[in-house]
>>> print(open('upload14.txt').read())   # compact mmCIF, C-alpha atoms
# COMPACT_ATOMS: atom_id res chain seq x y z
CA MET D 1 4.57 149.36 -122.55
CA ASN D 2 0.76 149.31 -122.41
CA VAL D 3 -0.65 150.23 -119.02
CA VAL D 4 -4.24 150.18 -117.77
CA ILE D 5 -4.86 152.44 -114.77
CA MET D 6 -7.99 152.06 -112.64
CA GLY D 7 -9.02 155.36 -111.10
CA SER D 8 -8.37 158.91 -112.18
CA GLY D 9 -7.70 160.64 -108.89
CA ARG D 10 -4.63 162.74 -108.18
CA VAL D 11 -2.06 159.96 -108.02
CA ALA D 12 -3.57 158.06 -110.95
CA SER D 13 -3.69 161.18 -113.14
CA GLU D 14 -0.09 162.08 -112.30
CA LEU D 15 1.05 158.55 -113.12
CA ALA D 16 -0.96 158.45 -116.35
CA THR D 17 0.57 161.77 -117.41
CA LEU D 18 4.13 160.67 -116.62
CA LEU D 19 3.74 157.40 -118.54
CA ASP D 20 2.03 159.12 -121.48
CA ARG D 21 4.87 161.68 -121.76
CA GLU D 22 7.39 158.84 -121.85
CA GLY D 23 5.55 157.41 -124.84
CA HIS D 24 3.78 154.48 -123.19
CA GLY D 25 0.25 153.44 -124.13
CA VAL D 26 -2.05 154.45 -121.28
CA VAL D 27 -5.73 153.69 -120.70
CA VAL D 28 -7.44 155.27 -117.68
CA VAL D 29 -10.69 153.73 -116.39
CA ASP D 30 -12.94 155.60 -113.96
CA LEU D 31 -16.58 155.51 -112.88
CA GLU D 32 -16.91 159.30 -112.72
CA PRO D 33 -16.84 161.23 -115.99
CA GLY D 34 -15.63 164.33 -114.12
CA ALA D 35 -12.53 162.55 -112.87
CA PHE D 36 -10.81 162.72 -116.25
CA ALA D 37 -10.64 166.50 -115.93
CA ARG D 38 -7.46 166.01 -113.91
CA LEU D 39 -5.67 164.72 -117.01
CA PRO D 40 -3.81 167.42 -119.00
CA ASP D 41 -5.28 168.75 -122.27
CA ASP D 42 -2.49 167.16 -124.28
CA PHE D 43 -2.96 163.71 -122.70
CA GLY D 44 -2.43 161.22 -125.51
CA GLY D 45 -3.86 158.13 -123.79
CA GLU D 46 -7.37 156.77 -123.76
CA THR D 47 -10.08 157.25 -121.14
CA ILE D 48 -12.85 154.74 -120.50
CA LEU D 49 -15.90 155.42 -118.38
CA GLY D 50 -16.76 152.26 -116.50
CA ASP D 51 -16.19 149.92 -113.60
CA ALA D 52 -12.81 148.20 -113.75
CA THR D 53 -14.06 145.33 -111.59
CA ASP D 54 -16.19 144.37 -114.61
CA GLU D 55 -14.47 141.92 -116.98
CA ALA D 56 -16.18 143.46 -120.02
CA VAL D 57 -14.88 146.93 -119.13
CA LEU D 58 -11.39 145.57 -118.56
CA ARG D 59 -11.46 143.90 -121.98
CA LYS D 60 -12.55 147.15 -123.57
CA ALA D 61 -9.61 148.84 -121.83
CA GLY D 62 -7.30 146.34 -123.52
CA VAL D 63 -6.29 144.46 -120.40
CA GLU D 64 -5.75 141.28 -122.45
CA SER D 65 -2.77 142.83 -124.19
CA ALA D 66 -1.66 145.11 -121.34
CA ASP D 67 1.81 144.80 -119.82
CA ALA D 68 0.68 146.31 -116.54
CA PHE D 69 -2.47 147.02 -114.53
CA ILE D 70 -2.50 149.52 -111.69
CA ALA D 71 -5.45 149.94 -109.33
CA LEU D 72 -5.52 153.39 -107.71
CA THR D 73 -9.07 154.14 -106.58
CA ARG D 74 -9.61 155.26 -102.99
CA ASP D 75 -11.44 151.99 -102.22
CA ASP D 76 -9.18 149.15 -101.03
CA ASP D 77 -11.75 146.44 -101.79
CA ARG D 78 -12.32 147.62 -105.34
CA ASN D 79 -8.58 147.92 -105.95
CA ALA D 80 -7.97 144.41 -104.61
CA MET D 81 -10.79 142.88 -106.64
CA ALA D 82 -9.80 144.54 -109.92
CA ALA D 83 -6.13 143.71 -109.38
CA GLN D 84 -6.94 140.04 -108.77
CA ILE D 85 -9.10 139.91 -111.89
CA ALA D 86 -6.27 141.46 -113.94
CA LYS D 87 -3.70 139.08 -112.52
CA HIS D 88 -5.55 135.79 -112.13
CA ILE D 89 -8.20 135.97 -114.87
CA PHE D 90 -6.43 137.99 -117.55
CA GLY D 91 -2.88 137.02 -116.63
CA VAL D 92 -1.44 140.55 -116.70
CA ARG D 93 2.25 140.23 -115.83
CA LYS D 94 2.69 143.31 -113.67
CA VAL D 95 -0.17 144.20 -111.34
CA ILE D 96 0.10 146.86 -108.64
CA CYS D 97 -2.66 147.99 -106.30
CA ARG D 98 -2.97 150.65 -103.68
CA ILE D 99 -4.19 149.33 -100.33
CA TYR D 100 -4.45 152.08 -97.72
CA ASP D 101 -4.90 149.69 -94.81
CA PRO D 102 -1.38 148.51 -93.82
CA LEU D 103 -2.70 145.26 -92.34
CA ARG D 104 -4.44 144.30 -95.54
CA GLU D 105 -1.42 145.32 -97.61
CA GLU D 106 0.33 142.36 -95.99
CA PHE D 107 -2.62 140.03 -96.67
CA TYR D 108 -2.83 140.88 -100.35
CA LYS D 109 0.92 140.36 -100.69
CA THR D 110 0.35 136.79 -99.50
CA LEU D 111 -2.20 136.46 -102.34
CA GLY D 112 0.54 137.37 -104.82
CA LEU D 113 -0.48 140.98 -105.42
CA GLU D 114 1.99 143.84 -105.40
CA ALA D 115 0.15 145.91 -102.82
CA ILE D 116 1.39 149.31 -101.72
CA SER D 117 0.08 151.14 -98.67
CA PRO D 118 0.68 154.88 -99.13
CA ILE D 119 0.37 155.24 -95.37
CA MET D 120 3.30 152.91 -94.76
CA VAL D 121 5.33 154.41 -97.60
CA PHE D 122 4.89 157.91 -96.24
CA ALA D 123 5.48 156.90 -92.63
CA ARG D 124 8.75 155.19 -93.59
CA LEU D 125 9.77 158.18 -95.71
CA VAL D 126 9.22 160.63 -92.87
CA LYS D 127 11.00 158.35 -90.43
CA GLY D 128 13.94 158.13 -92.86
CA ARG D 129 14.13 161.93 -93.06
CA LEU D 130 14.12 162.16 -89.29
CA GLU D 131 17.05 159.81 -89.08
CA GLU D 132 19.12 161.63 -91.73
CA MET W 1 -21.77 126.51 -84.19
CA TYR W 2 -20.34 130.00 -84.27
CA ILE W 3 -21.59 132.03 -87.24
CA VAL W 4 -20.22 135.42 -88.28
CA ILE W 5 -22.37 137.47 -90.65
CA VAL W 6 -21.06 140.62 -92.33
CA GLY W 7 -23.85 143.04 -93.15
CA GLY W 8 -26.95 143.53 -91.03
CA GLY W 9 -29.43 144.31 -93.79
CA GLN W 10 -32.51 142.19 -94.51
CA VAL W 11 -30.54 139.09 -95.43
CA GLY W 12 -28.25 139.42 -92.41
CA LEU W 13 -31.17 139.96 -90.07
CA TYR W 14 -33.26 137.00 -91.21
CA LEU W 15 -30.27 134.71 -91.40
CA ALA W 16 -29.16 135.70 -87.89
CA ARG W 17 -32.67 135.04 -86.59
CA GLU W 18 -32.79 131.57 -88.17
CA PHE W 19 -29.43 130.60 -86.69
CA ILE W 20 -30.36 131.92 -83.24
CA GLU W 21 -33.66 130.01 -83.29
CA ARG W 22 -31.63 126.85 -83.86
CA GLY W 23 -29.47 127.65 -80.85
CA HIS W 24 -26.31 128.78 -82.62
CA GLU W 25 -24.00 131.60 -81.56
CA VAL W 26 -24.21 134.52 -83.99
CA LEU W 27 -22.29 137.74 -84.45
CA VAL W 28 -23.29 140.35 -87.04
CA ILE W 29 -20.70 142.89 -88.17
CA GLU W 30 -22.39 146.12 -89.26
CA GLU W 31 -21.13 149.67 -89.75
CA ASP W 32 -24.44 151.47 -89.55
CA VAL W 33 -25.58 152.33 -86.03
CA LYS W 34 -29.30 152.26 -86.90
CA GLN W 35 -29.05 148.79 -88.40
CA ARG W 36 -27.15 147.61 -85.32
CA GLU W 37 -29.77 149.00 -82.96
CA ARG W 38 -32.50 147.24 -84.90
CA LEU W 39 -30.69 143.88 -84.74
CA ASP W 40 -29.73 144.21 -81.07
CA GLU W 41 -33.26 145.24 -80.19
CA GLU W 42 -34.79 142.21 -81.84
CA LEU W 43 -32.18 139.52 -81.33
CA GLY W 44 -30.21 140.56 -78.22
CA GLU W 45 -26.69 141.98 -78.20
CA ILE W 46 -25.37 140.24 -81.30
CA THR W 47 -23.72 143.03 -83.29
CA LEU W 48 -20.20 144.37 -83.60
CA SER W 49 -19.53 147.82 -85.01
CA GLY W 50 -17.09 147.78 -87.87
CA GLU W 51 -16.26 146.76 -91.40
CA GLY W 52 -16.11 143.08 -92.26
CA CYS W 53 -13.15 143.57 -94.56
CA ARG W 54 -10.96 145.04 -91.80
CA ILE W 55 -8.52 142.77 -90.03
CA GLN W 56 -8.88 144.53 -86.65
CA CYS W 57 -12.62 144.00 -86.85
CA LEU W 58 -12.36 140.33 -87.83
CA ASP W 59 -9.85 139.76 -85.03
CA GLU W 60 -12.23 141.34 -82.56
CA ALA W 61 -15.06 139.17 -83.89
CA GLY W 62 -13.00 136.06 -83.22
CA VAL W 63 -13.38 134.88 -86.81
CA SER W 64 -10.62 132.31 -86.38
CA ARG W 65 -13.00 130.20 -84.29
CA ALA W 66 -15.99 130.68 -86.62
CA ASP W 67 -17.55 127.61 -88.23
CA VAL W 68 -19.47 129.60 -90.82
CA PHE W 69 -18.76 133.03 -92.32
CA VAL W 70 -21.38 134.81 -94.44
CA ALA W 71 -20.69 138.05 -96.31
CA ALA W 72 -24.07 139.60 -97.02
CA THR W 73 -23.46 143.28 -97.69
CA ASP W 74 -24.83 145.04 -100.77
CA VAL W 75 -21.33 145.60 -102.14
CA ASP W 76 -19.70 142.70 -103.95
CA GLU W 77 -16.14 144.02 -103.63
CA ASP W 78 -16.57 144.17 -99.85
CA ASN W 79 -18.06 140.67 -99.77
CA LEU W 80 -15.14 139.32 -101.79
CA ALA W 81 -12.55 140.99 -99.55
CA ALA W 82 -14.26 139.75 -96.37
CA CYS W 83 -14.62 136.19 -97.69
CA GLN W 84 -11.03 135.97 -98.87
CA LEU W 85 -9.83 137.09 -95.44
CA ALA W 86 -12.14 134.63 -93.66
CA LYS W 87 -11.10 131.73 -95.85
CA LEU W 88 -7.39 132.35 -96.32
CA LYS W 89 -6.31 134.28 -93.23
CA TYR W 90 -8.67 132.83 -90.62
CA GLN W 91 -9.22 129.39 -92.22
CA VAL W 92 -12.99 129.41 -91.68
CA PRO W 93 -14.23 126.04 -93.02
CA MET W 94 -17.42 127.39 -94.61
CA VAL W 95 -17.42 130.77 -96.34
CA VAL W 96 -20.44 132.02 -98.28
CA ALA W 97 -20.96 135.27 -100.19
CA LYS W 98 -24.08 137.06 -101.27
CA LEU W 99 -23.69 138.19 -104.88
CA ASN W 100 -25.41 141.39 -105.84
CA ASN W 101 -24.21 141.51 -109.42
CA PRO W 102 -24.61 138.28 -111.41
CA ARG W 103 -21.55 139.05 -113.52
CA ASN W 104 -19.36 138.51 -110.45
CA ARG W 105 -20.27 134.86 -110.04
CA ASN W 106 -17.42 133.54 -112.16
CA ILE W 107 -14.98 136.08 -110.78
CA PHE W 108 -15.68 134.96 -107.20
CA ARG W 109 -15.26 131.34 -108.21
CA LYS W 110 -11.98 131.98 -109.99
CA LEU W 111 -10.71 133.93 -106.99
CA GLY W 112 -11.44 131.04 -104.64
CA ILE W 113 -14.91 131.86 -103.26
CA GLU W 114 -17.01 129.01 -104.65
CA SER W 115 -20.12 129.27 -102.49
CA THR W 116 -22.13 132.24 -103.64
CA VAL W 117 -25.80 133.11 -103.70
CA ASP W 118 -26.72 135.14 -106.74
CA VAL W 119 -29.57 137.29 -105.44
CA ALA W 120 -30.60 138.84 -108.76
CA ALA W 121 -30.65 135.47 -110.53
CA LEU W 122 -32.68 133.90 -107.72
CA ILE W 123 -35.33 136.61 -107.91
CA LEU W 124 -35.42 136.44 -111.69
CA GLU W 125 -35.82 132.66 -111.82
CA ASN W 126 -38.44 132.67 -109.08
CA LEU W 127 -40.45 135.30 -110.93
CA LYS W 128 -40.16 133.28 -114.12
CA SER W 129 -41.41 130.17 -112.33
CA LEU W 130 -44.63 132.03 -111.53
CA ILE W 131 -45.26 133.37 -115.02
CA PRO W 132 -46.60 130.81 -117.53
CA VAL W 133 -44.79 132.44 -120.47
CA PHE W 134 -41.49 130.90 -119.41
CA SER W 135 -41.10 127.23 -120.26
CA PHE W 136 -37.68 126.67 -118.70
CA VAL W 137 -36.71 127.87 -115.22
CA ARG W 138 -33.63 127.06 -113.13
CA LEU W 139 -35.13 126.99 -109.64
CA LEU W 140 -31.99 126.23 -107.67
CA ASN W 141 -28.28 125.64 -108.12
CA VAL W 142 -26.57 123.07 -105.94
CA GLU W 143 -23.18 124.57 -106.61
CA ALA W 144 -20.95 122.06 -104.87
CA ALA W 145 -22.46 119.13 -106.79
CA GLU W 146 -22.81 120.91 -110.17
CA VAL W 147 -26.49 120.03 -110.05
CA ASP W 148 -29.55 122.19 -110.77
CA VAL W 149 -33.21 121.92 -109.91
CA VAL W 150 -35.11 122.77 -113.07
CA GLN W 151 -38.74 123.39 -113.93
CA VAL W 152 -40.15 122.79 -117.42
CA ARG W 153 -43.60 124.04 -118.30
CA VAL W 154 -45.58 122.53 -121.17
CA THR W 155 -46.97 125.55 -123.05
CA GLU W 156 -49.23 125.83 -126.13
CA SER W 157 -46.18 126.12 -128.36
CA SER W 158 -44.25 123.40 -126.57
CA PRO W 159 -42.88 120.56 -128.71
CA PHE W 160 -44.03 118.12 -125.99
CA ALA W 161 -47.72 119.11 -125.77
CA ASP W 162 -50.11 116.16 -126.20
CA LYS W 163 -47.27 113.66 -126.58
CA LYS W 164 -46.05 110.76 -124.54
CA LEU W 165 -42.78 111.53 -122.78
CA GLU W 166 -41.04 108.65 -124.62
CA ASP W 167 -41.90 110.25 -127.99
CA THR W 168 -40.24 113.55 -127.14
CA GLY W 169 -36.64 114.79 -127.03
CA ILE W 170 -36.82 114.81 -123.24
CA ALA W 171 -37.48 111.08 -122.84
CA PHE W 172 -34.39 110.98 -120.62
CA LEU W 173 -36.50 112.53 -117.84
CA ALA W 174 -38.44 109.27 -117.45
CA ASP W 175 -38.36 108.00 -113.86
CA SER W 176 -36.41 111.06 -112.71
CA ALA W 177 -38.74 114.07 -113.11
CA PHE W 178 -41.88 114.82 -111.17
CA LEU W 179 -45.06 115.80 -112.98
CA ILE W 180 -47.04 118.59 -111.36
CA ARG W 181 -50.55 118.89 -112.77
CA VAL W 182 -53.29 121.09 -111.34
CA GLY W 183 -55.66 118.98 -109.30
CA SER W 184 -53.35 116.07 -108.57
CA GLY W 185 -50.29 115.60 -106.38
CA PRO W 186 -46.78 115.31 -107.76
CA GLN W 187 -46.02 111.98 -109.42
CA LEU W 188 -42.94 110.49 -111.00
CA VAL W 189 -43.16 110.47 -114.81
CA SER W 190 -42.60 107.36 -116.92
CA GLY W 191 -42.05 107.01 -120.65
CA SER W 192 -45.74 106.42 -121.22
CA THR W 193 -46.87 109.54 -119.33
CA GLY W 194 -48.84 111.84 -121.62
CA LEU W 195 -47.94 115.55 -121.37
CA LEU W 196 -50.65 118.21 -121.45
CA VAL W 197 -50.53 121.96 -121.82
CA GLY W 198 -50.20 123.43 -118.33
CA ASP W 199 -48.19 120.50 -116.96
CA GLN W 200 -44.99 121.23 -115.11
CA LEU W 201 -42.01 118.93 -114.77
CA VAL W 202 -39.56 119.43 -111.93
CA CYS W 203 -36.29 117.56 -111.97
CA VAL W 204 -32.84 117.44 -110.40
CA LEU W 205 -30.17 117.19 -113.08
CA GLN W 206 -26.42 117.35 -113.63
CA ARG W 207 -25.32 120.48 -115.52
CA ASP W 208 -24.72 118.75 -118.86
CA LEU W 209 -28.26 117.34 -118.83
CA VAL W 210 -29.63 120.74 -117.84
CA GLU W 211 -28.17 122.20 -121.02
CA ARG W 212 -29.54 119.31 -123.08
CA LEU W 213 -32.97 119.90 -121.56
CA ARG W 214 -32.82 123.62 -122.23
CA THR W 215 -31.99 122.97 -125.90
CA GLN W 216 -34.92 120.57 -126.22
CA VAL W 217 -37.31 123.03 -124.59
CA GLY W 218 -36.15 125.60 -127.10
CA GLU W 219 -34.94 128.30 -124.70
>>> encode(input="upload14.txt", output="structure tokens")
Amino acid sequence: MNVVIMGSGRVASELATLLDREGHGVVVVDLEPGAFARLPDDFGGETILGDATDEAVLRKAGVESADAFIALTRDDDRNAMAAQIAKHIFGVRKVICRIYDPLREEFYKTLGLEAISPIMVFARLVKGRLEE
Amino acid sequence: MYIVIVGGGQVGLYLAREFIERGHEVLVIEEDVKQRERLDEELGEITLSGEGCRIQCLDEAGVSRADVFVAATDVDEDNLAACQLAKLKYQVPMVVAKLNNPRNRNIFRKLGIESTVDVAALILENLKSLIPVFSFVRLLNVEAAEVDVVQVRVTESSPFADKKLEDTGIAFLADSAFLIRVGSGPQLVSGSTGLLVGDQLVCVLQRDLVERLRTQVGE
């Protein structure tokens, strides 16, 4: 599977590393050159410095032949915009984006995006543990 | 009408002022306290503190009863998010976005936000209209109608200089373009109008004709 990941923060780097170790093709796109330092030395994927809300950058990252696009920057609006470009303009089959704001997570789901709010996920997880 | 503007920068301020002068109800959503103070000072209490892409904030602003929603921040991603919420969640009948990066024009359109104002392109074309080097300038886009207002300048190297309009490749402008010549008022051109260096033609054209015109002008 070929996966394009927008953002190279902690979660994005962990995900990129996991997918790379399983033998998937991974391209990580980030605006900050320093962000790639979180990737391990033996990371076998590609890194691209650029703005993943830019169609030209997405093309360079191989989004046209990607099986999945995952938007994991800390900015909800950027994640939502890039995810919609990947899904509706490039037709990527599997598109997932992180949306911190739980209210907007719902809204973007109505737009057909697979939005995940880490706040809701964690709150439900903790609640589940409490009820064990 | 009730108008909600996101972003209280220069564009937000002047737009709010124009609406207020015409007697409309205006609310400006702005995060920055200094910007809010400036707006409230000049225009009366018209601001709401918050982010225009947050649902709590849009609820508080009463966006569901807005007639017009304008996203005018300096960040295109924020403008897109705010406009999509206004249009799809709150069903605002008229939603307009300021575009800061021209490359986003098509993206906005494909994602359902058709009415955009491309700030960089506007400035560029307006500058070009003032500088005689440029022989073809798109002065204005009328997006909804797929129509442009275009200016053609007859330069020294122009293929139309010292010719009658009917003898040029732009004869189709006859009876539809206005001739602007220094020293005389604008007049409608006909096939027999002679074109001189320094003349300007201003016309309103459908997109396909705009491209034809551009090809003929050689730009």
>>> interface_residues(input="upload14.txt", of="chain D", to="chain W", cutoff="10 Å", atoms="only C-alpha atoms", output="number ranges by chain")
D: 53-56, 75-82, 84-85, 88-89, 101-104, 107-108, 110-111
>>> atom_distance(input="upload14.txt", atom1="CA of Arg124 in chain D", atom2="CA of Asp59 in chain W")
25.6 Å
>>> residues_around(input="upload14.txt", residues="range 11-17 of chain W", least_positions_apart="2", cutoff="12 Å", atoms="only C-alpha atoms", output="ChimeraX atom specification")
/W:2-9,19-30,35-47,68-74,97-100,117,119
>>> axis_aligned_box(input="upload14.txt", around="range 201-207 of chain W", padding_each_side="3 Å", output="JSON")
{"center_x": -33.7, "center_y": 118.8, "center_z": -113.0, "size_x": 22.7, "size_y": 9.3, "size_z": 11.1}
>>> closest_residue(input="upload14.txt", among="W:Thr193, W:Glu31, W:Met1, W:Ala171", to="Met94 in chain W", atoms="only C-alpha atoms")
W:Met1
>>> residues_around(input="upload14.txt", residues="Ile48 in chain D", least_positions_apart="5", cutoff="9 Å", atoms="all atoms listed in the file", output="list in words")
Val27, Val28, Val29, Asp30, Leu31, Pro33, Val57, Lys60 and Ala61 of chain D
